[in-house]
$ cat run_12.cif   # mmCIF, C-alpha atoms
data_my_file
loop_
_atom_site.label_atom_id
_atom_site.label_comp_id
_atom_site.auth_asym_id
_atom_site.auth_seq_id
_atom_site.Cartn_x
_atom_site.Cartn_y
_atom_site.Cartn_z
CA MET A 1 0.00 0.00 0.00
CA LYS A 2 2.84 2.34 0.88
CA ALA A 3 4.46 1.64 -2.49
CA LEU A 4 1.17 2.34 -4.26
CA MET A 5 0.81 5.63 -2.40
CA ARG A 6 4.29 6.56 -3.51
CA MET A 7 3.43 5.77 -7.12
CA VAL A 8 0.32 7.92 -7.17
CA ARG A 9 1.97 10.80 -5.37
CA SER A 10 1.71 13.99 -7.38
CA THR A 11 4.72 14.74 -9.58
CA ASP A 12 4.95 18.11 -7.77
CA ASP A 13 6.21 16.23 -4.74
CA MET A 14 8.94 14.51 -6.66
CA ALA A 15 12.02 15.91 -8.35
CA SER A 16 12.95 14.93 -11.92
CA CYS A 17 16.10 12.93 -12.71
CA ILE A 18 17.77 16.09 -14.04
CA GLU A 19 16.95 18.02 -10.88
CA VAL A 20 18.17 15.16 -8.70
CA LEU A 21 21.44 14.67 -10.54
CA ARG A 22 22.10 18.41 -10.45
CA ASN A 23 21.62 18.53 -6.67
CA LEU A 24 22.66 15.05 -5.59
CA ASP A 25 26.06 16.02 -4.17
CA ALA A 26 24.57 18.83 -2.09
CA TYR A 27 21.73 16.54 -0.97
CA LEU A 28 24.09 13.79 0.19
CA ASP A 29 26.29 16.38 1.89
CA GLN A 30 23.23 17.73 3.72
CA GLU A 31 23.76 21.10 2.09
CA ILE A 32 20.20 21.61 0.80
CA PRO A 33 18.68 24.17 3.19
CA ASP A 34 15.23 24.01 1.58
CA GLN A 35 13.46 21.11 3.35
CA ARG A 36 10.85 20.75 0.63
CA ALA A 37 13.49 20.48 -2.10
CA ALA A 38 15.30 17.85 -0.03
CA ARG A 39 12.07 15.87 0.39
CA ARG A 40 11.42 16.00 -3.36
CA ILE A 41 14.86 14.50 -3.97
CA ALA A 42 14.33 11.85 -1.29
CA SER A 43 11.01 10.86 -2.88
CA HIS A 44 12.65 10.52 -6.28
CA LEU A 45 15.51 8.41 -4.91
CA GLU A 46 13.01 5.98 -3.39
CA VAL A 47 11.55 5.08 -6.77
CA CYS A 48 14.23 5.79 -9.40
CA ARG A 49 16.69 2.91 -9.65
CA ARG A 50 19.32 4.80 -11.66
CA CYS A 51 19.45 7.86 -9.45
CA GLY A 52 19.22 5.62 -6.37
CA MET A 53 22.28 3.68 -7.51
CA ARG A 54 24.19 6.89 -8.17
CA ALA A 55 23.31 8.07 -4.66
CA GLU A 56 24.47 4.77 -3.14
CA THR A 57 27.75 4.93 -5.04
CA ILE A 58 28.47 8.48 -3.87
CA THR A 59 27.52 7.52 -0.31
CA GLU A 60 29.96 4.59 -0.40
CA LEU A 61 32.62 6.80 -1.93
CA LYS A 62 32.14 9.38 0.83
CA ALA A 63 32.30 6.69 3.53
CA SER A 64 35.49 5.28 2.04
CA LEU A 65 37.10 8.73 1.80
CA ARG A 66 36.17 9.35 5.40
CA ARG A 67 38.21 6.30 6.34
CA LEU A 68 41.24 7.98 4.72
CA ALA A 69 41.17 10.65 7.43
CA PRO A 70 44.53 10.69 9.19
CA THR A 71 44.49 9.95 12.89
CA VAL A 72 44.96 13.17 14.78
CA ASP A 73 48.14 13.09 16.80
CA ALA A 74 47.08 12.76 20.45
CA GLY A 75 50.37 14.32 21.58
CA ALA A 76 49.71 17.40 19.46
CA LEU A 77 46.20 17.75 20.92
CA ASP A 78 47.60 17.49 24.47
CA ARG A 79 50.23 20.14 23.75
CA LEU A 80 47.58 22.48 22.26
CA ARG A 81 45.34 22.02 25.31
CA HIS A 82 48.33 22.82 27.48
CA PHE A 83 48.92 25.94 25.38
CA ALA A 84 45.29 26.95 26.04
CA ARG A 85 45.88 26.60 29.78
CA THR A 86 48.98 28.80 29.46
CA LEU A 87 46.89 31.47 27.72
CA GLU A 88 44.27 31.21 30.45
CA GLU A 89 46.81 31.44 33.26
CA GLN A 90 48.45 34.47 31.67
CA GLY A 91 45.00 36.03 31.35
CA ASN A 92 44.13 35.32 34.98
CA ASP A 93 47.44 36.66 36.24
CA ARG A 94 46.93 39.99 34.52
CA MET B 1 40.80 44.97 30.55
CA THR B 2 38.88 44.18 33.74
CA ILE B 3 39.13 40.93 35.67
CA ASN B 4 35.60 40.07 34.62
CA GLN B 5 36.40 40.61 30.96
CA GLU B 6 39.46 38.41 31.33
CA ARG B 7 37.34 35.70 32.97
CA ASP B 8 34.91 35.94 30.07
CA ARG B 9 37.77 35.43 27.65
CA VAL B 10 38.95 32.31 29.43
CA ALA B 11 35.39 30.93 29.53
CA ALA B 12 34.92 31.74 25.83
CA LEU B 13 38.19 30.00 24.96
CA GLU B 14 36.99 26.86 26.70
CA GLN B 15 33.51 27.06 25.22
CA TYR B 16 34.31 27.92 21.61
CA VAL B 17 37.91 27.04 20.86
CA LEU B 18 38.84 23.87 22.75
CA PRO B 19 36.00 21.73 21.28
CA GLN B 20 37.27 22.60 17.75
CA LEU B 21 40.93 21.66 18.27
CA ASP B 22 40.53 18.31 16.53
CA VAL B 23 39.02 19.75 13.35
CA LEU B 24 41.47 22.69 13.37
CA LEU B 25 44.38 20.27 13.50
CA ARG B 26 42.95 18.21 10.63
CA VAL B 27 42.42 21.26 8.45
CA ALA B 28 45.86 22.64 9.36
CA LEU B 29 47.37 19.32 8.34
CA ALA B 30 45.50 19.47 5.03
CA LEU B 31 46.90 22.96 4.42
CA THR B 32 50.49 22.46 5.57
CA ARG B 33 51.07 18.74 4.82
CA ASN B 34 53.35 18.61 7.83
CA HIS B 35 52.50 17.64 11.42
CA ALA B 36 54.84 20.14 13.12
CA ASP B 37 53.70 23.02 10.88
CA ALA B 38 50.06 22.06 11.45
CA GLU B 39 50.51 22.18 15.21
CA ASP B 40 52.24 25.58 14.99
CA LEU B 41 49.46 26.88 12.76
CA VAL B 42 46.76 25.79 15.23
CA GLN B 43 48.70 27.34 18.11
CA ASP B 44 48.93 30.59 16.15
CA THR B 45 45.18 30.35 15.44
CA MET B 46 44.41 29.85 19.15
CA LEU B 47 46.47 32.87 20.10
CA ARG B 48 44.76 35.07 17.49
CA ALA B 49 41.35 33.72 18.54
CA TYR B 50 42.09 34.41 22.20
CA ARG B 51 43.10 37.99 21.44
CA SER B 52 39.97 38.71 19.43
CA ILE B 53 37.50 36.58 21.37
CA ASP B 54 35.69 39.56 22.93
CA ARG B 55 34.64 40.63 19.42
CA PHE B 56 33.21 37.18 18.59
CA ASP B 57 29.41 36.96 18.85
CA GLY B 58 29.30 33.27 19.77
CA ARG B 59 27.68 32.13 16.52
CA TYR B 60 29.34 29.53 14.25
CA PRO B 61 32.58 29.14 16.23
CA ARG B 62 33.99 26.65 13.73
CA ALA B 63 33.52 29.07 10.81
CA TRP B 64 35.05 31.88 12.87
CA LEU B 65 38.08 29.77 13.81
CA LEU B 66 38.57 28.49 10.26
CA THR B 67 38.66 32.10 9.02
CA ILE B 68 41.32 32.92 11.60
CA LEU B 69 43.25 29.78 10.68
CA ARG B 70 43.10 30.71 7.00
CA HIS B 71 44.49 34.19 7.68
CA ALA B 72 47.20 32.80 9.95
CA HIS B 73 48.16 30.34 7.22
CA ILE B 74 48.38 33.09 4.59
CA ASN B 75 50.56 35.20 6.90
CA ARG B 76 52.88 32.30 7.59
CA ASN B 77 53.19 31.58 3.87
CA ARG B 78 54.38 35.12 3.25
CA ARG B 79 57.35 34.20 5.40
CA GLN B 80 57.96 30.71 4.05
CA ARG B 81 57.17 28.82 0.88
CA PRO B 82 54.28 26.40 1.39
CA ALA B 83 54.46 22.69 0.64
CA LEU B 84 52.27 22.75 -2.43
CA LEU B 85 52.17 19.09 -3.24
CA ALA B 86 50.76 16.27 -1.18
CA ASP B 87 53.15 14.40 1.05
CA GLN B 88 53.84 11.57 -1.39
CA ASP B 89 55.33 9.34 1.27
CA ALA B 90 52.21 9.66 3.38
CA ALA B 91 50.11 9.01 0.29
CA HIS B 92 51.98 5.84 -0.48
CA ARG B 93 51.85 4.66 3.11
CA GLN B 94 48.11 5.24 3.04
CA LEU B 95 47.79 3.26 -0.17
CA ALA B 96 49.90 0.42 1.19
CA ALA B 97 47.74 0.32 4.29
CA THR B 98 44.48 0.15 2.36
CA SER B 99 45.19 -1.91 -0.75
CA ASP B 100 46.05 -5.28 0.77
CA GLY B 101 44.18 -7.64 3.06
CA SER B 102 40.74 -9.23 2.96
CA ASP B 103 39.15 -10.24 -0.30
CA ASP B 104 35.39 -9.99 0.10
CA PRO B 105 33.83 -8.51 -3.05
CA GLU B 106 30.29 -8.46 -1.69
CA SER B 107 31.11 -6.61 1.48
CA LEU B 108 29.36 -3.27 1.59
CA VAL B 109 30.91 -2.26 4.86
CA VAL B 110 34.69 -2.02 5.08
CA ASP B 111 36.08 -3.32 1.82
CA ARG B 112 39.81 -2.77 1.87
CA LYS B 113 40.21 -3.34 -1.86
CA PHE B 114 37.55 -0.73 -2.51
CA ASP B 115 39.18 1.65 -0.04
CA GLY B 116 42.52 1.14 -1.79
CA ALA B 117 40.99 1.94 -5.18
CA VAL B 118 39.25 5.01 -3.73
CA ALA B 119 42.55 6.18 -2.24
CA GLU B 120 44.23 5.76 -5.64
CA ALA B 121 41.42 7.68 -7.38
CA PHE B 122 41.65 10.41 -4.74
CA TYR B 123 45.42 10.87 -5.10
CA ALA B 124 45.03 10.91 -8.90
CA LEU B 125 42.77 13.99 -8.73
CA PRO B 126 44.13 17.37 -9.77
CA GLU B 127 45.44 19.35 -6.80
CA SER B 128 42.62 21.92 -6.75
CA SER B 129 39.85 19.27 -6.68
CA ARG B 130 41.73 17.08 -4.24
CA ARG B 131 41.90 19.90 -1.70
CA VAL B 132 38.13 20.34 -1.80
CA VAL B 133 37.51 16.59 -1.43
CA GLU B 134 40.04 16.48 1.39
CA LEU B 135 38.22 19.19 3.34
CA VAL B 136 34.63 18.13 2.63
CA ASP B 137 34.71 14.34 2.33
CA ILE B 138 37.73 13.42 4.42
CA ASN B 139 37.57 16.07 7.14
CA GLY B 140 33.83 16.72 7.13
CA LEU B 141 33.73 20.48 6.56
CA GLY B 142 30.62 22.16 5.14
CA TYR B 143 30.74 23.84 1.71
CA GLN B 144 30.98 27.35 3.18
CA GLU B 145 33.69 26.27 5.61
CA ALA B 146 35.74 24.73 2.79
CA ALA B 147 35.24 27.91 0.73
CA THR B 148 36.57 29.97 3.65
CA VAL B 149 39.62 27.78 4.16
CA LEU B 150 40.53 27.78 0.46
CA SER B 151 39.50 31.42 -0.18
CA ILE B 152 37.30 30.44 -3.12
CA PRO B 153 33.57 31.01 -3.81
CA ILE B 154 31.16 28.36 -2.53
CA GLY B 155 30.06 27.71 -6.14
CA THR B 156 33.63 26.72 -6.98
CA VAL B 157 33.68 24.32 -4.03
CA MET B 158 30.50 22.70 -5.38
CA SER B 159 31.69 22.45 -8.98
CA ARG B 160 35.10 21.06 -8.01
CA LEU B 161 33.50 18.54 -5.69
CA HIS B 162 31.08 17.43 -8.39
CA ARG B 163 33.84 17.04 -10.98
CA ALA B 164 36.10 15.24 -8.51
CA ARG B 165 33.42 12.73 -7.53
CA ALA B 166 32.50 12.12 -11.18
CA ARG B 167 36.17 11.48 -11.94
CA MET B 168 36.61 9.12 -9.00
CA ARG B 169 33.39 7.25 -9.88
CA LYS B 170 34.65 6.80 -13.44
CA GLN B 171 38.01 5.51 -12.27
CA LEU B 172 36.33 3.08 -9.86
CA PHE B 173 34.07 1.88 -12.66
CA ASP B 174 37.07 1.43 -14.98
CA ASP B 175 38.78 -0.53 -12.18
CA GLY B 176 35.84 -2.92 -12.18
CA PHE B 177 33.97 -1.68 -9.12
CA THR B 178 30.37 -1.75 -10.27
CA ARG B 179 27.24 -1.75 -8.16
CA LYS B 180 26.31 -5.32 -9.09
CA GLY B 181 29.51 -7.10 -8.33
CA ARG B 182 32.59 -5.38 -7.25
CA ARG B 183 35.86 -6.85 -8.24
#

$ encode --input "run_12.cif" --output "structure tokens"
Amino acid sequence: MKALMRMVRSTDDMASCIEVLRNLDAYLDQEIPDQRAARRIASHLEVCRRCGMRAETITELKASLRRLAPTVDAGALDRLRHFARTLEEQGNDR
Amino acid sequence: MTINQERDRVAALEQYVLPQLDVLLRVALALTRNHADAEDLVQDTMLRAYRSIDRFDGRYPRAWLLTILRHAHINRNRRQRPALLADQDAAHRQLAATSDGSDDPESLVVDRKFDGAVAEAFYALPESSRRVVELVDINGLGYQEAATVLSIPIGTVMSRLHRARARMRKQLFDDGFTRKGRR
């Protein structure tokens, strides 16, 4: 029933393939501020296999790139926090 | 400056700056390609932030700090030539770490072969696109934040990101990674 409801949904509620492909990066990066536009893309992705596959590929690509993130050096973070304390102490001494 | 104002500064430093140290260090590393330089750049950023913190309105601390970091980076570069190219040794270490290991073509979770191919596609990107991907996809910055760090319009961030992803997708496809059965 849900699927049927989706199929009969007015085309106004659903973006076209061209619109989706133009905005897919921003949509997947959560950079579409207009909630209605984002919903129209989401509705399209639910029913369009081609655009859906493109979205999945970009999502996987993003996840894989995220795993490339270098580990932040814990020693460097400690030294920077210590530097913050030095700034604070100098401020309090003034 | 009164004692109260000084206390406010210290509180603001703890509230706005300390929670962003991790992301500042990542972005500094992306800009300098060198751990020691990145740490110096963040320290410089903290000092500048601390000095100007009473003029900060408390909104979007990350964007505020990234702007300061960008300016600090530009000032430092006037004094010394920046490392323009990626640290190739680090790149190769990264590739070596991701391109061997388990062989599970159906895995949709952590597929080391896929990660290795993505790393290769990433390092094959032109420098300007790679920097945008590095900030947005690897370090999780928003479009406006990446635009601030790179001093380019947000539209350029979006077009470079789009081109870079299209290029990486094509390379992955050419390498045999398709949706139906990855190599």

$ closest_atom_pairs --input "run_12.cif" --of "chain B" --to "chain A" --cutoff "6 Å" --atoms "all atoms listed in the file" --output "Markdown table"
| residue | atom | partner | partner_atom | distance |
| --- | --- | --- | --- | --- |
| B:Val10 | CA | A:Glu88 | CA | 5.5 |
| B:Asp115 | CA | A:Ser64 | CA | 5.6 |
| B:Asp137 | CA | A:Lys62 | CA | 5.8 |
| B:Ile138 | CA | A:Arg66 | CA | 4.5 |

$ closest_residue --input "run_12.cif" --among "A:Met14, A:Gly75, A:Pro33, A:Thr59" --to "Leu45 (chain A)" --atoms "all atoms listed in the file"
A:Met14

$ axis_aligned_box --input "run_12.cif" --around "region 55-63 of chain B" --padding-each-side "8 Å" --output "AutoDock Vina command-line options"
--center_x 31.2 --center_y 33.6 --center_z 15.3 --size_x 23.0 --size_y 30.0 --size_z 25.0

$ atom_distance --input "run_12.cif" --atom1 "CA of Gln20 (chain B)" --atom2 "CA of Ala38 (chain A)"
28.7 Å

$ atom_distance --input "run_12.cif" --atom1 "CA of Leu28 (chain A)" --atom2 "CA of Arg131 (chain B)"
18.9 Å

$ closest_residue --input "run_12.cif" --among "B:Glu39, B:Phe56, B:Ser128, B:Tyr143" --to "Gly155 (chain B)" --atoms "all atoms listed in the file"
B:Tyr143

$ resolve_selection --input "run_12.cif" --expression "the PyMOL selection byres ((chain B and resi 171) around 12)" --output "ChimeraX atom specification"
/A:61 /B:114,117-125,164-170,172-178

$ resolve_selection --input "run_12.cif" --expression "the PyMOL selection byres ((chain A and resi 48) around 12)" --output "list in words"
Arg6, Met7, Met14, Ala15, Ser16, Cys17, Ile18, Val20, Leu21, Ile41, Ala42, Ser43, His44, Leu45, Glu46, Val47, Arg49, Arg50, Cys51, Gly52, Met53, Arg54 and Ala55 of chain A

$ residues_around --input "run_12.cif" --residues "Ile68 (chain B)" --least-positions-apart "5" --cutoff "9 Å" --atoms "all atoms listed in the file" --output "ChimeraX atom specification"
/B:45-46,48-49,63,73

$ write_last_selection --input "run_12.cif" --atoms "C-alpha atoms" --output "PDB file, in the coordinates of the input"
ATOM      1  CA  THR B  45      45.180  30.350  15.440  1.00  0.00           C
ATOM      2  CA  MET B  46      44.410  29.850  19.150  1.00  0.00           C
ATOM      3  CA  ARG B  48      44.760  35.070  17.490  1.00  0.00           C
ATOM      4  CA  ALA B  49      41.350  33.720  18.540  1.00  0.00           C
ATOM      5  CA  ALA B  63      33.520  29.070  10.810  1.00  0.00           C
ATOM      6  CA  HIS B  73      48.160  30.340   7.220  1.00  0.00           C
TER       7      HIS B  73
END

$ closest_residue --input "run_12.cif" --among "B:Leu31, B:Leu24, B:Ser52, B:Asp40" --to "Glu127 (chain B)" --atoms "only C-alpha atoms"
B:Leu31
